[in-house]
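Next up, model39.tsv (TSV, C-alpha atoms):
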chain	number	residue	atom	x	y	z
A	1	MET	CA	88.87	115.29	111.23
A	2	TYR	CA	89.02	118.85	112.52
A	3	THR	CA	90.87	121.50	110.58
A	4	ASP	CA	92.84	122.65	113.62
A	5	ASN	CA	94.76	119.36	113.71
A	6	LEU	CA	94.72	118.53	110.02
A	7	PHE	CA	98.50	118.41	109.81
A	8	ASP	CA	99.23	117.23	113.35
A	9	LEU	CA	101.97	114.57	113.54
A	10	HIS	CA	101.92	113.92	117.29
A	11	GLY	CA	101.94	110.20	117.98
A	12	LYS	CA	103.22	109.30	114.51
A	13	THR	CA	106.51	107.43	114.25
A	14	ILE	CA	108.29	108.84	111.20
A	15	VAL	CA	111.58	107.61	109.79
A	16	ILE	CA	113.54	109.72	107.30
A	17	THR	CA	116.73	108.62	105.56
A	18	GLY	CA	119.26	111.32	104.76
A	19	GLY	CA	117.42	113.51	107.24
A	20	ALA	CA	120.39	115.70	108.11
A	21	GLY	CA	121.37	116.52	104.52
A	22	TYR	CA	120.78	119.67	102.50
A	23	LEU	CA	117.13	118.98	101.68
A	24	GLY	CA	116.62	116.38	104.39
A	25	SER	CA	117.32	118.90	107.17
A	26	ALA	CA	114.40	121.05	106.05
A	27	MET	CA	112.13	118.00	105.89
A	28	SER	CA	113.21	116.82	109.34
A	29	GLU	CA	112.59	120.25	110.83
A	30	ALA	CA	109.10	120.39	109.32
A	31	LEU	CA	108.24	116.97	110.73
A	32	ALA	CA	109.62	117.91	114.14
A	33	SER	CA	107.73	121.20	114.22
A	34	TYR	CA	104.45	119.30	113.85
A	35	GLY	CA	105.30	116.95	116.70
A	36	ALA	CA	106.41	113.69	115.06
A	37	ASP	CA	108.26	110.95	116.90
A	38	LEU	CA	111.20	111.24	114.56
A	39	PHE	CA	114.08	108.96	113.59
A	40	ILE	CA	116.79	110.57	111.45
A	41	LEU	CA	118.94	108.01	109.64
A	42	GLY	CA	122.17	108.65	107.77
A	43	HIS	CA	125.74	107.50	107.22
A	44	ASN	CA	127.30	110.47	109.04
A	45	SER	CA	126.55	109.47	112.64
A	46	GLU	CA	127.72	112.70	114.27
A	47	LYS	CA	125.89	114.98	111.84
A	48	ASN	CA	122.63	113.05	112.18
A	49	ARG	CA	122.90	112.80	115.97
A	50	ASP	CA	123.48	116.55	116.23
A	51	LYS	CA	120.44	117.24	114.06
A	52	ALA	CA	118.26	114.92	116.16
A	53	ASP	CA	119.44	116.51	119.42
A	54	GLU	CA	118.88	120.00	118.04
A	55	LEU	CA	115.34	119.30	116.90
A	56	LYS	CA	114.40	117.43	120.06
A	57	ALA	CA	115.43	120.38	122.21
A	58	ARG	CA	113.93	123.05	119.96
A	59	TYR	CA	110.51	121.42	119.58
A	60	HIS	CA	110.38	119.59	122.94
A	61	LEU	CA	109.86	116.25	121.22
A	62	ARG	CA	109.12	113.06	123.07
A	63	VAL	CA	111.26	111.08	120.61
A	64	CYS	CA	113.88	112.37	118.19
A	65	GLU	CA	116.77	109.99	117.64
A	66	SER	CA	119.41	109.13	115.09
A	67	TYR	CA	120.97	105.78	114.27
A	68	PRO	CA	123.96	105.03	112.04
A	69	PHE	CA	122.64	103.91	108.67
A	70	ASP	CA	123.83	102.74	105.27
A	71	ILE	CA	121.32	102.42	102.44
A	72	SER	CA	123.71	100.12	100.57
A	73	ASP	CA	123.86	97.51	103.36
A	74	ILE	CA	120.72	95.37	103.64
A	75	GLN	CA	121.71	93.93	107.02
A	76	ILE	CA	122.21	97.37	108.58
A	77	VAL	CA	118.90	98.47	107.06
A	78	LYS	CA	117.02	95.48	108.49
A	79	ASP	CA	118.65	95.73	111.91
A	80	THR	CA	117.89	99.45	112.17
A	81	PHE	CA	114.20	99.07	111.44
A	82	LYS	CA	113.96	96.16	113.85
A	83	ARG	CA	115.48	98.41	116.50
A	84	ILE	CA	113.03	101.22	115.74
A	85	LYS	CA	110.04	98.86	115.80
A	86	GLU	CA	111.10	97.40	119.15
A	87	LYS	CA	111.36	100.91	120.60
A	88	THR	CA	108.14	102.39	119.22
A	89	GLU	CA	105.97	99.33	118.44
A	90	LYS	CA	104.96	100.88	115.11
A	91	ILE	CA	106.32	102.67	112.06
A	92	ASP	CA	103.76	105.03	110.59
A	93	VAL	CA	105.73	106.87	107.91
A	94	LEU	CA	108.89	106.14	105.95
A	95	ILE	CA	110.54	108.88	103.90
A	96	ASN	CA	113.11	107.53	101.45
A	97	ASN	CA	115.27	110.60	100.92
A	98	ALA	CA	118.89	109.35	100.97
A	99	TYR	CA	120.67	108.53	97.71
A	100	TYR	CA	124.09	108.47	96.06
A	101	ILE	CA	125.05	108.55	92.37
A	102	GLY	CA	128.72	107.53	92.11
A	103	PRO	CA	130.94	108.79	89.27
A	104	VAL	CA	129.47	111.17	86.70
A	105	HIS	CA	130.25	110.36	83.06
A	106	LYS	CA	128.76	110.46	79.61
A	107	ILE	CA	126.97	107.22	78.77
A	108	GLU	CA	129.73	106.05	76.44
A	109	ASP	CA	132.36	106.56	79.14
A	110	TYR	CA	130.71	104.57	81.93
A	111	GLU	CA	132.15	101.33	83.11
A	112	GLU	CA	129.30	98.97	83.98
A	113	GLU	CA	130.23	98.99	87.66
A	114	GLU	CA	130.14	102.81	87.73
A	115	TRP	CA	126.74	102.88	86.04
A	116	ASN	CA	125.42	100.36	88.53
A	117	GLN	CA	126.57	102.50	91.46
A	118	GLY	CA	124.15	105.22	90.42
A	119	ILE	CA	121.30	102.76	89.96
A	120	ASP	CA	122.09	101.18	93.32
A	121	GLY	CA	122.11	104.56	95.03
A	122	THR	CA	118.68	105.52	93.71
A	123	ILE	CA	116.14	102.78	93.04
A	124	ASN	CA	117.98	99.85	94.63
A	125	SER	CA	118.42	101.70	97.91
A	126	VAL	CA	114.74	102.67	97.97
A	127	PHE	CA	113.88	99.02	97.38
A	128	ARG	CA	116.14	97.86	100.24
A	129	VAL	CA	114.69	100.26	102.77
A	130	THR	CA	111.11	99.67	101.67
A	131	LYS	CA	111.58	95.91	101.80
A	132	ALA	CA	112.76	96.21	105.40
A	133	VAL	CA	109.86	98.36	106.60
A	134	ILE	CA	106.89	97.05	104.66
A	135	PRO	CA	106.39	93.83	106.68
A	136	TYR	CA	105.85	95.97	109.79
A	137	MET	CA	103.31	98.08	107.94
A	138	ILE	CA	101.50	94.98	106.68
A	139	GLN	CA	101.40	93.65	110.23
A	140	GLN	CA	99.86	96.86	111.58
A	141	ASN	CA	97.57	97.19	108.53
A	142	SER	CA	98.65	100.77	107.96
A	143	GLY	CA	101.60	102.69	106.62
A	144	ASN	CA	102.71	105.64	104.57
A	145	ILE	CA	105.74	105.66	102.27
A	146	ILE	CA	107.05	108.87	100.76
A	147	ASN	CA	109.79	108.53	98.14
A	148	ILE	CA	111.91	111.50	97.14
A	149	ALA	CA	112.35	111.28	93.37
A	150	SER	CA	113.34	114.15	91.06
A	151	MET	CA	112.08	116.23	88.17
A	152	TYR	CA	114.77	114.38	86.20
A	153	GLY	CA	112.80	111.22	86.78
A	154	MET	CA	110.06	112.95	84.77
A	155	VAL	CA	111.97	114.82	82.05
A	156	SER	CA	115.45	114.72	80.57
A	157	PRO	CA	117.94	117.41	81.60
A	158	ASP	CA	118.56	120.23	79.15
A	159	MET	CA	122.31	119.81	78.87
A	160	GLY	CA	122.63	123.31	77.40
A	161	ILE	CA	122.18	124.87	80.84
A	162	TYR	CA	125.22	123.09	82.29
A	163	GLY	CA	127.94	124.53	80.06
A	164	ASP	CA	131.33	124.24	81.75
A	165	SER	CA	129.85	124.37	85.26
A	166	GLY	CA	130.86	120.80	86.06
A	167	GLN	CA	127.32	120.10	87.22
A	168	ASN	CA	126.40	117.72	84.39
A	169	ASN	CA	123.46	115.53	85.30
A	170	PRO	CA	124.23	111.83	84.75
A	171	ALA	CA	121.90	109.48	82.90
A	172	ASN	CA	121.80	106.91	85.69
A	173	TYR	CA	120.47	109.49	88.16
A	174	GLY	CA	117.40	110.28	86.05
A	175	ALA	CA	116.89	106.63	85.14
A	176	GLY	CA	117.03	105.63	88.80
A	177	LYS	CA	114.66	108.39	89.88
A	178	ALA	CA	112.19	107.47	87.12
A	179	ALA	CA	112.26	103.96	88.53
A	180	VAL	CA	111.55	105.37	91.99
A	181	ILE	CA	108.40	107.02	90.65
A	182	GLN	CA	107.20	103.79	89.07
A	183	PHE	CA	108.07	101.81	92.21
A	184	THR	CA	106.02	104.31	94.21
A	185	LYS	CA	102.98	103.64	92.04
A	186	TYR	CA	103.54	99.89	92.30
A	187	ILE	CA	103.54	100.02	96.10
A	188	ALA	CA	100.40	102.17	96.09
A	189	CYS	CA	98.48	99.76	93.88
A	190	VAL	CA	99.69	96.44	95.29
A	191	TYR	CA	99.73	97.33	98.99
A	192	GLY	CA	96.88	99.83	99.16
A	193	GLU	CA	94.45	97.10	100.18
A	194	LYS	CA	96.69	96.44	103.18
A	195	GLY	CA	96.28	100.01	104.39
A	196	ILE	CA	99.59	101.21	102.96
A	197	ARG	CA	99.77	104.25	100.74
A	198	SER	CA	102.74	105.50	98.77
A	199	ASN	CA	103.52	108.80	97.07
A	200	ALA	CA	106.56	110.47	95.54
A	201	VAL	CA	107.85	114.02	95.65
A	202	SER	CA	109.94	115.22	92.71
A	203	PRO	CA	111.97	118.30	93.65
A	204	GLY	CA	113.12	120.58	90.90
A	205	SER	CA	116.14	122.85	91.01
A	206	PHE	CA	117.40	123.09	94.60
A	207	PRO	CA	121.17	123.69	94.22
A	208	ASP	CA	123.24	123.72	97.41
A	209	LYS	CA	125.30	126.68	98.63
A	210	GLU	CA	128.46	125.54	96.86
A	211	THR	CA	126.66	125.21	93.54
A	212	CYS	CA	125.01	128.61	94.00
A	213	ARG	CA	128.44	130.20	93.71
A	214	LYS	CA	128.43	129.27	90.01
A	215	GLU	CA	126.52	132.39	89.00
A	216	ARG	CA	126.22	131.69	85.28
A	217	PHE	CA	124.92	128.19	85.93
A	218	ILE	CA	122.37	129.49	88.45
A	219	ARG	CA	121.13	132.06	85.93
A	220	ASN	CA	120.71	129.28	83.38
A	221	LEU	CA	118.69	127.27	85.90
A	222	GLU	CA	116.50	130.24	86.79
A	223	ASN	CA	115.72	130.91	83.14
A	224	LYS	CA	114.39	127.34	82.80
A	225	VAL	CA	111.92	127.80	85.66
A	226	PRO	CA	108.60	129.55	84.97
A	227	LEU	CA	108.90	131.26	88.37
A	228	LYS	CA	112.38	132.45	87.29
A	229	ARG	CA	114.13	131.42	90.49
A	230	ILE	CA	115.67	128.35	92.09
A	231	GLY	CA	114.04	126.56	94.99
A	232	GLU	CA	114.87	126.86	98.69
A	233	PRO	CA	114.92	123.74	100.91
A	234	GLU	CA	112.21	125.28	103.12
A	235	GLU	CA	109.85	125.11	100.16
A	236	LEU	CA	109.71	121.33	100.54
A	237	LYS	CA	108.39	121.53	104.10
A	238	GLY	CA	104.74	121.93	103.20
A	239	ILE	CA	104.48	118.96	100.85
A	240	ILE	CA	106.29	116.68	103.30
A	241	VAL	CA	104.00	117.57	106.20
A	242	PHE	CA	100.96	117.22	103.94
A	243	LEU	CA	101.93	113.75	102.73
A	244	ALA	CA	103.07	112.56	106.18
A	245	SER	CA	99.87	113.70	107.90
A	246	ASP	CA	96.30	112.46	107.78
A	247	SER	CA	95.38	115.47	105.66
A	248	SER	CA	96.53	113.41	102.65
A	249	LYS	CA	95.10	110.05	103.74
A	250	TYR	CA	93.23	109.57	100.43
A	251	VAL	CA	96.23	110.60	98.32
A	252	ASN	CA	97.90	107.48	96.95
A	253	GLY	CA	100.12	106.60	94.01
A	254	GLN	CA	100.93	110.18	93.09
A	255	ASN	CA	104.12	111.93	92.05
A	256	ILE	CA	104.05	115.58	93.05
A	257	ALA	CA	106.57	117.89	91.39
A	258	VAL	CA	107.87	120.77	93.50
A	259	ASP	CA	109.80	122.45	90.72
A	260	GLY	CA	108.54	126.00	90.20
A	261	GLY	CA	106.85	124.78	87.02
A	262	TRP	CA	109.95	123.29	85.34
A	263	THR	CA	108.13	120.15	84.13
A	264	ALA	CA	105.12	122.16	82.93
A	265	TRP	CA	106.91	123.56	79.85

Hey, can you dump this file as structure tokens for me?
Amino acid sequence: MYTDNLFDLHGKTIVITGGAGYLGSAMSEALASYGADLFILGHNSEKNRDKADELKARYHLRVCESYPFDISDIQIVKDTFKRIKEKTEKIDVLINNAYYIGPVHKIEDYEEEEWNQGIDGTINSVFRVTKAVIPYMIQQNSGNIINIASMYGMVSPDMGIYGDSGQNNPANYGAGKAAVIQFTKYIACVYGEKGIRSNAVSPGSFPDKETCRKERFIRNLENKVPLKRIGEPEELKGIIVFLASDSSKYVNGQNIAVDGGWTAW
């Protein structure tokens, strides 16, 4: 492997869920800029189609498409991956980025159905999508699964930083993301012999523009980070390209925190 193409993604079919979202957009752009044949999946058809068209034109991609997608619907998930496989004949990389959490409550205030919504939107959705794609990877004897977890799958939130910001982090989010990390390791160990590797990325504090307007809350976040600042979506680009490319082909079963040092305290 030559260093001048260490991160090259040309010829790789890469599927990313939630690829037009706040963090997903940065990941999709990074993948496109290194030449991937890219499929951007998400529930907002227009938003995802616009992102795919934009990236295809900007980076002169051979393939950059978007299909309507719903991580909660197993039939839609299966049909979408069948469609992608028929078009490309292979699926090299899956990035499980999409999630939903449902209502946010204290533990004692959750109805069981509400709690289950958050679990379904994290680990269950990752399971559904992985289940749909892994038979194709087994068949081709190769594959690469990247699961987007969270620092809150590694450590508990410090509720003192939230105050009256309304940004309280729910217990089912962290529980679901912790399960994603374990599921990642399971895939790596059980399917590694079939040529499939699996790794997780755990982003730290990456608040969106609306949240950044809550100045006191942002200061509280920054004070928890050793680097003393919040993250920018662009700062996830490097790790995604690294894990999606052959430069990481002996990296398997790892959870890599991109959190400015938050989990190092």

Atom CA of A:Met151 to atom CA of A:Gly231, straight-line distance in Å: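 A separation of 12.5 Å between them.
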
Identify, on the basis of all atoms listed in the file, every residue whose closest approach to stretch 100-105 of chain A does not exceed 6 Å; exclude the query and any residue fewer than 3 positions from it along the same chain; express the result as a PyMOL selection string. chain A and resi 109-110+117-118+121+170

Might you pull out every residue within 9 Å of A:Ile71, with all atoms listed in the file counted and same-chain residues fewer than 4 positions away left off, and present them as a list in words?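 These residues fall inside the cut-off: Thr17, Gly42, His43, Ile76, Val77, Ala98, Tyr99, Gly121, Asn124, Ser125, Val126, Arg128 and Val129 of chain A.
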
So which one's closest to A:Ile148, A:Ser45, A:Ser165, A:Ser72, A:Gln254? Using all atoms listed in the file, please.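 Checking each of A:Ser45, A:Ser165, A:Ser72, A:Gln254 against A:Ile148, counting all atoms listed in the file, the winner is A:Gln254.
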
So that I can check the surroundings of A:Phe39, please list as a list in words every protein, DNA and RNA residue that reaches within 7 Å of it, counting all atoms listed in the file and ignoring chain neighbours fewer than 4 positions away.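 Here the qualifying residues turn out to be Ile14, Val15, Ile16, Cys64, Glu65 and Ser66 of chain A.
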
Nearest to A:Asn169, restricted to only C-alpha atoms and choosing among A:Lys131, A:Lys106, A:Arg49, A:Arg197, comes out as A:Lys106

Tell me which of A:Asp259, A:Asp158, A:Asp37, A:Glu232 sits closest to A:Lys90, counting all atoms listed in the file. A:Asp37

Centre and size of axis-aligned box enclosing stretch 123-139 of chain A plus 5 Å each side, as AutoDock Vina command-line options:
--center_x 109.9 --center_y 98.2 --center_z 101.6 --size_x 27.0 --size_y 19.1 --size_z 27.2

Name the residues in contact with A:Ser198 at a cut-off of 12 Å, using all atoms listed in the file, excluding same-chain residues fewer than 5 positions from it; report them as a PyMOL selection string. chain A and resi 92-96+130+134+137+142-148+180-193+243-244+248-256

Record the distance separating atom CA of A:Asn48 and atom CA of A:Val63, expressed in Å with one decimal. 14.3 Å

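Note that atom CA of A:Gly18 and atom CA of A:Ala132 are 16.5 Å apart.
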
Can you tell me which residues surround A:Ala36 at a distance of at most 8 Å, considering all atoms listed in the file, apart from same-chain residues fewer than 5 positions away, and format the answer as a ChimeraX atom specification? /A:9-14,31,61,63

When you count all atoms listed in the file, which of these residues is closest to A:Asp164: A:Asn199, A:Asn220, A:Asn97, A:Ser33?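 Between A:Asn199, A:Asn220, A:Asn97, A:Ser33, the residue approaching A:Asp164 most closely is A:Asn220.
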
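The nearest approach to A:Pro203 among the residues A:Glu222, A:Asp246, A:Asp50, A:Glu235, with all atoms listed in the file taken into account, belongs to A:Glu235.
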
When you count only C-alpha atoms, which of these residues is closest to A:Lys214: A:Leu227, A:Ile240, A:Val133, A:Ile161?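 Selected residue with least distance to A:Lys214: A:Ile161.
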
Because the input lacks atoms here, generate N, CA and C atoms for stretch 38-58 of chain A and report them as a PDB file, keeping the file's coordinate frame.
ATOM      1  N   LEU A  38     110.381 111.199 115.757  1.00  0.00           N
ATOM      2  CA  LEU A  38     111.200 111.240 114.560  1.00  0.00           C
ATOM      3  C   LEU A  38     112.496 110.442 114.712  1.00  0.00           C
ATOM      4  N   PHE A  39     112.820 109.684 113.660  1.00  0.00           N
ATOM      5  CA  PHE A  39     114.080 108.960 113.590  1.00  0.00           C
ATOM      6  C   PHE A  39     114.816 109.437 112.331  1.00  0.00           C
ATOM      7  N   ILE A  40     115.989 110.019 112.535  1.00  0.00           N
ATOM      8  CA  ILE A  40     116.790 110.570 111.450  1.00  0.00           C
ATOM      9  C   ILE A  40     117.940 109.614 111.178  1.00  0.00           C
ATOM     10  N   LEU A  41     117.954 109.026 109.983  1.00  0.00           N
ATOM     11  CA  LEU A  41     118.940 108.010 109.640  1.00  0.00           C
ATOM     12  C   LEU A  41     119.910 108.542 108.587  1.00  0.00           C
ATOM     13  N   GLY A  42     121.191 108.216 108.759  1.00  0.00           N
ATOM     14  CA  GLY A  42     122.170 108.650 107.770  1.00  0.00           C
ATOM     15  C   GLY A  42     123.539 108.060 108.063  1.00  0.00           C
ATOM     16  N   HIS A  43     124.433 108.124 107.074  1.00  0.00           N
ATOM     17  CA  HIS A  43     125.740 107.500 107.220  1.00  0.00           C
ATOM     18  C   HIS A  43     126.694 108.306 108.082  1.00  0.00           C
ATOM     19  N   ASN A  44     126.463 109.617 108.203  1.00  0.00           N
ATOM     20  CA  ASN A  44     127.300 110.470 109.040  1.00  0.00           C
ATOM     21  C   ASN A  44     126.689 110.511 110.443  1.00  0.00           C
ATOM     22  N   SER A  45     127.166 109.647 111.322  1.00  0.00           N
ATOM     23  CA  SER A  45     126.550 109.470 112.640  1.00  0.00           C
ATOM     24  C   SER A  45     126.522 110.763 113.444  1.00  0.00           C
ATOM     25  N   GLU A  46     127.643 111.478 113.461  1.00  0.00           N
ATOM     26  CA  GLU A  46     127.720 112.700 114.270  1.00  0.00           C
ATOM     27  C   GLU A  46     126.773 113.772 113.755  1.00  0.00           C
ATOM     28  N   LYS A  47     126.756 113.968 112.449  1.00  0.00           N
ATOM     29  CA  LYS A  47     125.890 114.980 111.840  1.00  0.00           C
ATOM     30  C   LYS A  47     124.418 114.681 112.113  1.00  0.00           C
ATOM     31  N   ASN A  48     124.027 113.420 111.966  1.00  0.00           N
ATOM     32  CA  ASN A  48     122.630 113.050 112.180  1.00  0.00           C
ATOM     33  C   ASN A  48     122.250 113.115 113.655  1.00  0.00           C
ATOM     34  N   ARG A  49     123.169 112.721 114.531  1.00  0.00           N
ATOM     35  CA  ARG A  49     122.900 112.800 115.970  1.00  0.00           C
ATOM     36  C   ARG A  49     122.730 114.262 116.406  1.00  0.00           C
ATOM     37  N   ASP A  50     123.591 115.136 115.892  1.00  0.00           N
ATOM     38  CA  ASP A  50     123.480 116.550 116.230  1.00  0.00           C
ATOM     39  C   ASP A  50     122.146 117.130 115.764  1.00  0.00           C
ATOM     40  N   LYS A  51     121.721 116.746 114.573  1.00  0.00           N
ATOM     41  CA  LYS A  51     120.440 117.240 114.060  1.00  0.00           C
ATOM     42  C   LYS A  51     119.286 116.752 114.924  1.00  0.00           C
ATOM     43  N   ALA A  52     119.319 115.476 115.307  1.00  0.00           N
ATOM     44  CA  ALA A  52     118.260 114.920 116.160  1.00  0.00           C
ATOM     45  C   ALA A  52     118.225 115.629 117.508  1.00  0.00           C
ATOM     46  N   ASP A  53     119.385 115.837 118.109  1.00  0.00           N
ATOM     47  CA  ASP A  53     119.440 116.510 119.420  1.00  0.00           C
ATOM     48  C   ASP A  53     118.936 117.941 119.316  1.00  0.00           C
ATOM     49  N   GLU A  54     119.319 118.611 118.239  1.00  0.00           N
ATOM     50  CA  GLU A  54     118.880 120.000 118.040  1.00  0.00           C
ATOM     51  C   GLU A  54     117.367 120.096 117.923  1.00  0.00           C
ATOM     52  N   LEU A  55     116.782 119.247 117.114  1.00  0.00           N
ATOM     53  CA  LEU A  55     115.340 119.300 116.900  1.00  0.00           C
ATOM     54  C   LEU A  55     114.561 118.874 118.136  1.00  0.00           C
ATOM     55  N   LYS A  56     115.085 117.888 118.847  1.00  0.00           N
ATOM     56  CA  LYS A  56     114.400 117.430 120.060  1.00  0.00           C
ATOM     57  C   LYS A  56     114.316 118.546 121.083  1.00  0.00           C
ATOM     58  N   ALA A  57     115.411 119.279 121.253  1.00  0.00           N
ATOM     59  CA  ALA A  57     115.430 120.380 122.210  1.00  0.00           C
ATOM     60  C   ALA A  57     114.564 121.546 121.744  1.00  0.00           C
ATOM     61  N   ARG A  58     114.649 121.879 120.461  1.00  0.00           N
ATOM     62  CA  ARG A  58     113.930 123.050 119.960  1.00  0.00           C
ATOM     63  C   ARG A  58     112.418 122.853 120.006  1.00  0.00           C
TER      64      ARG A  58
END
